[in-house]
$ cat final-v4.cif   # mmCIF, C-alpha atoms and all ligand atoms
data_data
#
loop_
_atom_site.label_atom_id
_atom_site.label_comp_id
_atom_site.auth_asym_id
_atom_site.auth_seq_id
_atom_site.Cartn_x
_atom_site.Cartn_y
_atom_site.Cartn_z
CA MET K 75 11.51 41.88 4.78
CA ALA K 76 7.81 41.82 4.00
CA LYS K 77 6.45 38.37 3.34
CA LYS K 78 4.89 37.64 -0.04
CA ARG K 79 1.12 37.26 0.14
CA LEU K 80 -1.34 35.38 -2.03
CA VAL K 81 -5.01 36.00 -2.80
CA ILE K 82 -6.91 33.32 -4.74
CA GLY K 83 -10.34 33.97 -6.23
CA ASN K 84 -12.52 30.86 -6.30
CA TRP K 85 -15.28 31.78 -8.71
CA LYS K 86 -17.28 28.61 -7.97
CA MET K 87 -20.40 28.95 -10.19
CA TYR K 88 -20.84 32.66 -9.44
CA ILE K 89 -19.57 33.52 -12.91
CA ALA K 90 -21.65 31.36 -15.17
CA ASP K 91 -21.30 33.16 -18.46
CA ALA K 92 -18.26 33.16 -20.75
CA GLU K 93 -18.64 36.83 -21.61
CA GLU K 94 -18.73 37.82 -17.95
CA ALA K 95 -15.70 35.62 -17.22
CA ARG K 96 -13.78 37.31 -20.03
CA ALA K 97 -14.76 40.81 -18.91
CA LEU K 98 -13.75 40.22 -15.28
CA SER K 99 -10.43 38.67 -16.30
CA LEU K 100 -9.56 41.58 -18.58
CA LEU K 101 -10.50 44.10 -15.90
CA LEU K 102 -8.31 42.34 -13.33
CA ARG K 103 -5.46 42.21 -15.83
CA ARG K 104 -5.70 45.94 -16.37
CA LYS K 105 -6.20 46.96 -12.74
CA LEU K 106 -3.48 44.70 -11.35
CA ARG K 107 -0.78 45.67 -13.83
CA GLY K 108 2.40 46.41 -11.87
CA LEU K 109 1.03 45.03 -8.59
CA THR K 110 3.77 44.11 -6.14
CA GLY K 111 3.75 42.39 -2.75
CA VAL K 112 0.74 40.18 -3.51
CA ASP K 113 0.26 37.32 -5.93
CA VAL K 114 -3.22 37.00 -7.40
CA TRP K 115 -4.59 33.73 -8.74
CA ILE K 116 -8.08 32.94 -10.02
CA ALA K 117 -9.99 29.67 -10.37
CA PRO K 118 -12.76 30.07 -12.97
CA PRO K 119 -15.24 27.31 -13.80
CA THR K 120 -13.63 24.62 -15.97
CA PRO K 121 -15.19 25.56 -19.35
CA PHE K 122 -13.62 29.03 -19.22
CA ILE K 123 -10.12 28.07 -18.11
CA ALA K 124 -8.45 27.62 -21.49
CA GLU K 125 -9.63 30.97 -22.80
CA ILE K 126 -8.89 32.88 -19.61
CA ALA K 127 -5.46 31.31 -19.22
CA ASN K 128 -4.79 32.52 -22.75
CA LEU K 129 -6.08 36.03 -22.01
CA LEU K 130 -3.93 36.29 -18.90
CA GLU K 131 -0.85 34.63 -20.34
CA SER K 132 1.30 37.74 -20.29
CA SER K 133 -0.03 38.97 -16.94
CA PRO K 134 1.13 37.91 -13.46
CA ILE K 135 -2.34 36.53 -12.64
CA LYS K 136 -2.29 32.74 -12.58
CA VAL K 137 -5.25 30.64 -13.55
CA GLY K 138 -6.19 27.36 -11.89
CA THR K 139 -8.98 24.88 -11.57
CA GLN K 140 -11.51 24.22 -8.82
CA LYS K 141 -11.23 20.46 -9.09
CA VAL K 142 -9.55 17.57 -10.91
CA THR K 143 -10.37 13.91 -10.92
CA TYR K 144 -8.71 11.57 -8.45
CA HIS K 145 -8.72 8.78 -11.03
CA ALA K 146 -5.41 7.81 -12.57
CA ASP K 147 -6.63 5.57 -15.38
CA PRO K 148 -8.46 6.99 -18.42
CA LYS K 149 -11.52 4.72 -18.27
CA HIS K 150 -13.70 7.38 -16.61
CA THR K 151 -16.45 9.17 -18.51
CA GLY K 152 -16.73 12.85 -17.70
CA SER K 153 -13.55 13.09 -15.62
CA ILE K 154 -10.96 15.79 -16.16
CA SER K 155 -7.37 15.18 -15.15
CA ALA K 156 -4.78 17.53 -13.72
CA THR K 157 -2.61 16.85 -16.76
CA MET K 158 -5.41 18.00 -19.09
CA MET K 159 -5.86 21.16 -17.04
CA LYS K 160 -2.15 21.85 -17.20
CA GLY K 161 -2.30 21.43 -20.97
CA VAL K 162 -4.84 24.24 -21.30
CA GLY K 163 -2.92 26.65 -19.09
CA ALA K 164 -3.89 25.92 -15.47
CA SER K 165 -1.18 26.39 -12.86
CA PHE K 166 -2.86 25.20 -9.68
CA VAL K 167 -5.68 23.03 -8.38
CA ILE K 168 -8.06 23.64 -5.48
CA ILE K 169 -8.18 20.29 -3.72
CA GLY K 170 -10.66 19.04 -1.15
CA HIS K 171 -12.85 22.12 -0.98
CA SER K 172 -15.64 21.49 1.53
CA GLU K 173 -18.24 21.80 -1.22
CA TYR K 174 -16.43 18.95 -2.99
CA ARG K 175 -15.94 16.95 0.18
CA SER K 176 -19.62 17.19 1.05
CA ALA K 177 -20.63 15.86 -2.38
CA ALA K 178 -18.30 12.87 -2.58
CA GLY K 179 -14.89 13.81 -1.38
CA THR K 180 -13.67 11.36 1.18
CA ASN K 181 -10.20 11.84 2.63
CA ASP K 182 -8.98 9.05 0.33
CA LYS K 183 -10.23 10.82 -2.77
CA VAL K 184 -8.73 14.10 -1.58
CA ARG K 185 -5.37 12.40 -1.10
CA ALA K 186 -5.62 10.82 -4.56
CA GLN K 187 -6.46 14.23 -6.08
CA LEU K 188 -3.39 15.65 -4.36
CA GLU K 189 -1.21 12.88 -5.78
CA ARG K 190 -2.57 13.37 -9.31
CA THR K 191 -1.96 17.11 -8.99
CA LEU K 192 1.61 16.62 -7.81
CA ASP K 193 2.23 14.10 -10.61
CA SER K 194 1.07 16.67 -13.16
CA GLY K 195 3.36 19.39 -11.79
CA LEU K 196 0.50 21.73 -10.86
CA VAL K 197 0.44 23.49 -7.49
CA PRO K 198 -1.96 21.94 -4.95
CA VAL K 199 -4.09 24.25 -2.82
CA LEU K 200 -5.28 21.85 -0.13
CA CYS K 201 -8.47 22.93 1.67
CA ILE K 202 -9.12 21.83 5.21
CA GLY K 203 -11.51 23.05 7.88
CA GLU K 204 -13.91 21.91 10.54
CA GLU K 205 -17.65 21.79 9.99
CA SER K 206 -18.63 23.16 13.35
CA ARG K 207 -17.17 25.10 16.27
CA SER K 208 -19.63 23.93 18.89
CA PRO K 209 -18.02 23.21 22.29
CA GLU K 210 -18.25 19.46 21.72
CA ALA K 211 -16.73 19.65 18.21
CA ASP K 212 -13.06 18.78 18.52
CA TYR K 213 -12.08 21.05 15.67
CA PHE K 214 -8.34 20.87 16.23
CA SER K 215 -8.40 17.07 15.96
CA PHE K 216 -10.65 17.30 12.93
CA VAL K 217 -8.23 19.58 11.09
CA GLU K 218 -5.28 17.45 12.17
CA GLY K 219 -7.06 14.38 10.78
CA GLN K 220 -7.63 16.03 7.41
CA LEU K 221 -4.00 17.14 7.15
CA ASN K 222 -2.73 13.72 8.13
CA ALA K 223 -5.02 11.92 5.71
CA ALA K 224 -3.95 14.11 2.79
CA LEU K 225 -0.24 14.45 3.45
CA ARG K 226 1.02 11.57 5.57
CA ASN K 227 2.18 9.28 2.77
CA VAL K 228 3.26 11.90 0.26
CA PRO K 229 7.05 12.12 -0.16
CA LYS K 230 8.20 15.31 1.58
CA ASN K 231 10.20 16.54 -1.40
CA LEU K 232 6.99 16.64 -3.48
CA LEU K 233 5.32 18.99 -1.02
CA LYS K 234 7.58 21.96 -1.68
CA LYS K 235 4.83 23.65 -3.67
CA LEU K 236 2.02 22.89 -1.24
CA ILE K 237 -0.42 25.63 -0.25
CA VAL K 238 -2.90 25.08 2.58
CA ALA K 239 -6.23 26.90 2.68
CA TYR K 240 -7.94 26.80 6.05
CA GLU K 241 -11.65 27.19 5.41
CA PRO K 242 -13.93 26.46 8.36
CA VAL K 243 -17.12 25.22 6.73
CA TRP K 244 -19.37 27.19 9.09
CA ALA K 245 -17.82 30.46 7.88
CA ILE K 246 -18.13 29.86 4.12
CA GLY K 247 -20.63 31.76 2.01
CA LYS K 248 -21.89 34.08 4.74
CA ASP K 249 -20.98 37.73 5.27
CA ALA K 250 -18.10 39.49 6.97
CA SER K 251 -19.86 39.54 10.35
CA GLN K 252 -19.93 35.74 10.39
CA ALA K 253 -16.34 35.16 9.29
CA MET K 254 -13.84 33.77 11.74
CA LYS K 255 -12.50 36.10 14.39
CA PRO K 256 -8.84 37.05 13.81
CA ALA K 257 -7.70 35.76 17.23
CA ASP K 258 -9.27 32.34 16.56
CA LEU K 259 -7.71 32.31 13.10
CA ARG K 260 -4.28 33.07 14.53
CA GLU K 261 -4.62 30.21 17.00
CA MET K 262 -5.66 27.76 14.28
CA GLY K 263 -2.88 28.98 11.98
CA ILE K 264 -0.28 28.17 14.64
CA PHE K 265 -1.83 24.75 15.13
CA ILE K 266 -1.79 24.03 11.37
CA ARG K 267 1.90 24.92 11.18
CA LYS K 268 2.64 22.65 14.12
CA ILE K 269 0.96 19.70 12.39
CA LEU K 270 2.67 20.57 9.10
CA ALA K 271 6.02 20.63 10.92
CA GLU K 272 5.37 17.08 12.14
CA LEU K 273 4.49 15.98 8.61
CA VAL K 274 7.03 17.78 6.45
CA GLY K 275 9.62 19.09 8.90
CA ARG K 276 9.81 22.48 10.59
CA GLU K 277 11.77 24.29 7.93
CA SER K 278 9.48 23.21 5.09
CA ALA K 279 6.37 23.86 7.18
CA LEU K 280 7.39 27.47 7.66
CA LYS K 281 7.51 27.91 3.90
CA VAL K 282 3.99 26.59 3.24
CA PRO K 283 1.63 29.49 2.62
CA VAL K 284 -1.43 29.15 4.86
CA LEU K 285 -4.48 30.98 3.53
CA TYR K 286 -7.83 31.67 5.14
CA GLY K 287 -11.18 31.32 3.38
CA GLY K 288 -14.71 31.90 4.65
CA SER K 289 -16.63 35.13 4.07
CA VAL K 290 -13.60 37.27 3.37
CA GLU K 291 -14.91 40.59 2.12
CA ALA K 292 -13.66 44.13 1.65
CA GLU K 293 -14.90 44.90 5.19
CA ASN K 294 -12.88 42.30 7.09
CA ALA K 295 -9.85 41.68 4.86
CA SER K 296 -7.59 44.23 6.58
CA THR K 297 -8.23 42.99 10.11
CA LEU K 298 -7.94 39.35 9.11
CA ILE K 299 -4.63 39.85 7.30
CA GLN K 300 -3.14 42.05 9.99
CA GLU K 301 -4.28 40.07 13.02
CA GLY K 302 -5.06 36.60 11.70
CA GLY K 303 -1.46 35.52 11.03
CA VAL K 304 -2.18 34.03 7.59
CA ASN K 305 -0.39 34.52 4.27
CA GLY K 306 -3.46 35.50 2.31
CA PHE K 307 -6.96 34.42 1.38
CA LEU K 308 -9.02 32.03 -0.67
CA VAL K 309 -12.03 34.15 -1.59
CA GLY K 310 -15.33 32.82 -2.92
CA ARG K 311 -18.29 35.10 -3.40
CA ALA K 312 -16.40 38.39 -3.12
CA SER K 313 -13.96 37.30 -5.85
CA ALA K 314 -16.70 37.26 -8.46
CA ARG K 315 -17.07 41.05 -8.35
CA ALA K 316 -14.19 43.25 -9.40
CA ASP K 317 -14.75 45.96 -6.78
CA SER K 318 -14.77 43.63 -3.77
CA PHE K 319 -11.95 41.42 -5.05
CA LEU K 320 -9.72 44.41 -5.80
CA ALA K 321 -10.46 45.89 -2.37
CA ILE K 322 -9.42 42.63 -0.71
CA ILE K 323 -6.20 42.51 -2.74
CA GLU K 324 -5.45 46.09 -1.76
CA ALA K 325 -6.06 45.30 1.93
CA VAL K 326 -3.62 42.41 1.69
CA ARG K 327 -1.07 44.54 -0.13
CA GLN K 328 -1.21 47.20 2.56
CA GLY K 329 -1.16 44.59 5.31
CA SER K 330 2.04 43.09 3.93
CA ARG K 331 4.07 46.27 4.06
P1 LIG M 401 -16.73 32.54 0.49
O1 LIG M 401 -16.11 31.16 -0.04
O2 LIG M 401 -15.64 33.57 0.38
O3 LIG M 401 -17.89 32.79 -0.40
O4 LIG M 401 -17.11 32.30 1.92
C1 LIG M 401 -14.81 30.78 0.24
C2 LIG M 401 -14.55 29.44 -0.35
O5 LIG M 401 -15.45 28.58 -0.28
O6 LIG M 401 -13.49 29.19 -0.93
#
$ encode --input "final-v4.cif" --output "structure tokens" --more "lines below"
Ligand code: PGA
Amino acid sequence: MAKKRLVIGNWKMYIADAEEARALSLLLRRKLRGLTGVDVWIAPPTPFIAEIANLLESSPIKVGTQKVTYHADPKHTGSISATMMKGVGASFVIIGHSEYRSAAGTNDKVRAQLERTLDSGLVPVLCIGEESRSPEADYFSFVEGQLNAALRNVPKNLLKKLIVAYEPVWAIGKDASQAMKPADLREMGIFIRKILAELVGRESALKVPVLYGGSVEAENASTLIQEGGVNGFLVGRASARADSFLAIIEAVRQGSR
């Protein structure tokens, strides 16, 4: 039986205008009507989430957020909690994206974000990935460290909804020629599952969708999905344009047959 795939569009700040956000959402709703074999989720910038979640309510496209606060108590000016995001229609949270980690996101904050997300009932999409692939960079240990730091103390039964997005930092925001090679992705995917098996048990680890992110484009999506051994993609830049995002979704749909 073909395995269900998932493509998440991380709009970052690429879509900065409410009108554009609305237009892209409506186009995706129309074009993806009746889509089978692939789930499609999008993470617009926070100010647009309530409206877009409303627009897409009756469609299979889920809407999520790019970040929530790690704080649990309300005494924090400017913070937005996972519970608030759920209240306006978000279904998932991107946690520990490298662009967040590089600004302020220590492993402790990432773990706290994960806990807040699980408490709220939203689905956590946990991002991990090494900064460099130079010969001296021990990227397997780095990724193992991030997984351990985020998941070690979380009760296993809470992790049933976990999604892992492997996004090597060096491959983010470039073009298809600089994305990860499928064989290297396959190797890292196996490693991630091995670490997940140690953390949550083998059976549960096999059920965790592992996505790849980092310069996924229409050009490389087919090869990466067919040879990279992942369950789908977390797409940045190419998700902000309907033509490239739809082409990636189609590549994943065909690759899952
Ligand atoms: P990119 O971003 O597709 O633009 O490389 C991926 C991501 O950062 O999630």
$ residues_near_ligand --input "final-v4.cif" --ligand "ligand LIG 401 (chain M)" --cutoff "10 Å" --atoms "all atoms listed in the file" --output "JSON, numbers by chain"
{"K": [82, 83, 84, 85, 86, 88, 140, 168, 171, 172, 173, 201, 239, 240, 241, 242, 243, 244, 245, 246, 247, 248, 249, 250, 252, 253, 286, 287, 288, 289, 290, 291, 307, 308, 309, 310, 311, 312, 313, 314]}
$ closest_residue --input "final-v4.cif" --among "K:Arg226, K:His150, K:Lys160, K:Lys234" --to "Thr120 of chain K" --atoms "all atoms listed in the file"
K:Lys160
$ atom_distance --input "final-v4.cif" --atom1 "atom CA of Asp258 of chain K" --atom2 "atom CA of Ile299 of chain K"
12.8 Å
$ atom_distance --input "final-v4.cif" --atom1 "atom CA of Gln187 of chain K" --atom2 "atom CA of Glu131 of chain K"
25.5 Å
$ residues_around --input "final-v4.cif" --residues "Arg190 of chain K" --least-positions-apart "6" --cutoff "10 Å" --atoms "all atoms listed in the file" --output "VMD selection string"
chain K and resid 142 to 146 155 to 157 184 196 198
$ residues_around --input "final-v4.cif" --residues "Gly263 of chain K" --least-positions-apart "6" --cutoff "9 Å" --atoms "all atoms listed in the file" --output "tab-separated table (two decimals) with C-alpha atoms, in the frame of the given file"
chain	number	residue	atom	x	y	z
K	240	TYR	CA	-7.94	26.80	6.05
K	284	VAL	CA	-1.43	29.15	4.86
K	285	LEU	CA	-4.48	30.98	3.53
K	286	TYR	CA	-7.83	31.67	5.14
K	302	GLY	CA	-5.06	36.60	11.70
K	303	GLY	CA	-1.46	35.52	11.03
K	304	VAL	CA	-2.18	34.03	7.59
$ atom_distance --input "final-v4.cif" --atom1 "atom CA of Leu259 of chain K" --atom2 "atom CA of Arg276 of chain K"
20.2 Å
$ residues_around --input "final-v4.cif" --residues "Lys136 of chain K" --least-positions-apart "3" --cutoff "7 Å" --atoms "only C-alpha atoms" --output "JSON, numbers by chain"
{"K": [114, 115, 116, 165]}
$ write_last_selection --input "final-v4.cif" --atoms "C-alpha atoms" --output "CSV table (one decimal), keeping the file's coordinate frame"
chain,number,residue,atom,x,y,z
K,114,VAL,CA,-3.2,37.0,-7.4
K,115,TRP,CA,-4.6,33.7,-8.7
K,116,ILE,CA,-8.1,32.9,-10.0
K,165,SER,CA,-1.2,26.4,-12.9
$ closest_residue --input "final-v4.cif" --among "K:Gly111, K:Thr151, K:Arg103, K:Leu280" --to "Ile135 of chain K" --atoms "only C-alpha atoms"
K:Arg103
$ closest_residue --input "final-v4.cif" --among "K:Ala117, K:Ser318, K:Ser133, K:Ala186" --to "Phe166 of chain K" --atoms "only C-alpha atoms"
K:Ala117
$ closest_residue --input "final-v4.cif" --among "K:Ala164, K:Ile266, K:Ile169, K:Ala177" --to "Gly219 of chain K" --atoms "all atoms listed in the file"
K:Ile266
$ residues_around --input "final-v4.cif" --residues "segment 121-123 of chain K" --least-positions-apart "5" --cutoff "12 Å" --atoms "only C-alpha atoms" --output "number ranges by chain"
K: 85-87, 89-99, 116, 128-131, 136-141, 154, 158-167
$ closest_residue --input "final-v4.cif" --among "K:Ser206, K:Leu192, K:Asn181, K:Thr297" --to "Lys230 of chain K" --atoms "all atoms listed in the file"
K:Leu192
$ closest_residue --input "final-v4.cif" --among "K:Arg104, K:Asn231, K:Lys78, K:Arg175" --to "Ala316 of chain K" --atoms "only C-alpha atoms"
K:Arg104
$ build_atoms --input "final-v4.cif" --residues "segment 202-226 of chain K" --atoms "N, CA, C and O atoms" --output "mmCIF file, keeping the file's coordinate frame"
data_model
loop_
_atom_site.group_PDB
_atom_site.id
_atom_site.type_symbol
_atom_site.label_atom_id
_atom_site.label_comp_id
_atom_site.auth_asym_id
_atom_site.auth_seq_id
_atom_site.Cartn_x
_atom_site.Cartn_y
_atom_site.Cartn_z
ATOM 1 N N ILE K 202 -8.764 22.567 3.999
ATOM 2 C CA ILE K 202 -9.120 21.830 5.210
ATOM 3 C C ILE K 202 -10.002 22.749 6.053
ATOM 4 O O ILE K 202 -10.010 23.965 5.841
ATOM 5 N N GLY K 203 -10.708 22.191 6.999
ATOM 6 C CA GLY K 203 -11.510 23.050 7.880
ATOM 7 C C GLY K 203 -12.630 22.287 8.537
ATOM 8 O O GLY K 203 -13.239 21.417 7.906
ATOM 9 N N GLU K 204 -12.881 22.624 9.783
ATOM 10 C CA GLU K 204 -13.910 21.910 10.540
ATOM 11 C C GLU K 204 -15.311 22.345 10.118
ATOM 12 O O GLU K 204 -15.502 23.456 9.622
ATOM 13 N N GLU K 205 -16.273 21.451 10.356
ATOM 14 C CA GLU K 205 -17.650 21.790 9.990
ATOM 15 C C GLU K 205 -18.316 22.662 11.029
ATOM 16 O O GLU K 205 -19.159 23.489 10.717
ATOM 17 N N SER K 206 -17.932 22.449 12.286
ATOM 18 C CA SER K 206 -18.630 23.160 13.350
ATOM 19 C C SER K 206 -17.643 23.583 14.443
ATOM 20 O O SER K 206 -16.595 22.959 14.612
ATOM 21 N N ARG K 207 -18.005 24.627 15.170
ATOM 22 C CA ARG K 207 -17.170 25.100 16.270
ATOM 23 C C ARG K 207 -17.924 24.955 17.597
ATOM 24 O O ARG K 207 -17.672 25.687 18.542
ATOM 25 N N SER K 208 -18.882 24.092 17.641
ATOM 26 C CA SER K 208 -19.630 23.930 18.890
ATOM 27 C C SER K 208 -18.658 23.395 19.955
ATOM 28 O O SER K 208 -17.629 22.796 19.610
ATOM 29 N N PRO K 209 -18.961 23.605 21.232
ATOM 30 C CA PRO K 209 -18.020 23.210 22.290
ATOM 31 C C PRO K 209 -17.641 21.731 22.198
ATOM 32 O O PRO K 209 -16.512 21.357 22.503
ATOM 33 N N GLU K 210 -18.603 20.893 21.749
ATOM 34 C CA GLU K 210 -18.250 19.460 21.720
ATOM 35 C C GLU K 210 -17.494 19.065 20.446
ATOM 36 O O GLU K 210 -16.959 17.968 20.352
ATOM 37 N N ALA K 211 -17.448 19.989 19.445
ATOM 38 C CA ALA K 211 -16.730 19.650 18.210
ATOM 39 C C ALA K 211 -15.225 19.818 18.450
ATOM 40 O O ALA K 211 -14.753 20.896 18.772
ATOM 41 N N ASP K 212 -14.506 18.716 18.280
ATOM 42 C CA ASP K 212 -13.060 18.780 18.520
ATOM 43 C C ASP K 212 -12.396 19.252 17.225
ATOM 44 O O ASP K 212 -11.817 18.471 16.484
ATOM 45 N N TYR K 213 -12.481 20.570 16.991
ATOM 46 C CA TYR K 213 -12.080 21.050 15.670
ATOM 47 C C TYR K 213 -10.573 20.965 15.413
ATOM 48 O O TYR K 213 -10.145 20.800 14.286
ATOM 49 N N PHE K 214 -9.783 21.022 16.464
ATOM 50 C CA PHE K 214 -8.340 20.870 16.230
ATOM 51 C C PHE K 214 -8.031 19.441 15.735
ATOM 52 O O PHE K 214 -7.284 19.267 14.778
ATOM 53 N N SER K 215 -8.639 18.463 16.394
ATOM 54 C CA SER K 215 -8.400 17.070 15.960
ATOM 55 C C SER K 215 -8.927 16.839 14.552
ATOM 56 O O SER K 215 -8.334 16.103 13.761
ATOM 57 N N PHE K 216 -10.051 17.478 14.246
ATOM 58 C CA PHE K 216 -10.650 17.300 12.930
ATOM 59 C C PHE K 216 -9.680 17.803 11.837
ATOM 60 O O PHE K 216 -9.403 17.115 10.855
ATOM 61 N N VAL K 217 -9.159 18.985 12.060
ATOM 62 C CA VAL K 217 -8.230 19.580 11.090
ATOM 63 C C VAL K 217 -6.939 18.750 11.009
ATOM 64 O O VAL K 217 -6.411 18.497 9.925
ATOM 65 N N GLU K 218 -6.480 18.300 12.148
ATOM 66 C CA GLU K 218 -5.280 17.450 12.170
ATOM 67 C C GLU K 218 -5.521 16.176 11.357
ATOM 68 O O GLU K 218 -4.670 15.761 10.571
ATOM 69 N N GLY K 219 -6.715 15.604 11.519
ATOM 70 C CA GLY K 219 -7.060 14.380 10.780
ATOM 71 C C GLY K 219 -7.056 14.621 9.285
ATOM 72 O O GLY K 219 -6.546 13.804 8.511
ATOM 73 N N GLN K 220 -7.601 15.748 8.855
ATOM 74 C CA GLN K 220 -7.630 16.030 7.410
ATOM 75 C C GLN K 220 -6.210 16.218 6.861
ATOM 76 O O GLN K 220 -5.888 15.745 5.767
ATOM 77 N N LEU K 221 -5.379 16.920 7.620
ATOM 78 C CA LEU K 221 -4.000 17.140 7.150
ATOM 79 C C LEU K 221 -3.243 15.818 7.068
ATOM 80 O O LEU K 221 -2.544 15.535 6.093
ATOM 81 N N ASN K 222 -3.401 15.022 8.103
ATOM 82 C CA ASN K 222 -2.730 13.720 8.130
ATOM 83 C C ASN K 222 -3.172 12.855 6.969
ATOM 84 O O ASN K 222 -2.348 12.256 6.282
ATOM 85 N N ALA K 223 -4.493 12.799 6.757
ATOM 86 C CA ALA K 223 -5.020 11.920 5.710
ATOM 87 C C ALA K 223 -4.501 12.343 4.340
ATOM 88 O O ALA K 223 -4.202 11.514 3.491
ATOM 89 N N ALA K 224 -4.381 13.646 4.119
ATOM 90 C CA ALA K 224 -3.950 14.110 2.790
ATOM 91 C C ALA K 224 -2.441 13.989 2.599
ATOM 92 O O ALA K 224 -1.972 13.687 1.500
ATOM 93 N N LEU K 225 -1.675 14.233 3.650
ATOM 94 C CA LEU K 225 -0.240 14.450 3.450
ATOM 95 C C LEU K 225 0.674 13.335 3.970
ATOM 96 O O LEU K 225 1.837 13.269 3.570
ATOM 97 N N ARG K 226 0.148 12.494 4.843
ATOM 98 C CA ARG K 226 1.020 11.570 5.570
ATOM 99 C C ARG K 226 1.928 10.760 4.656
ATOM 100 O O ARG K 226 3.122 10.629 4.906
#
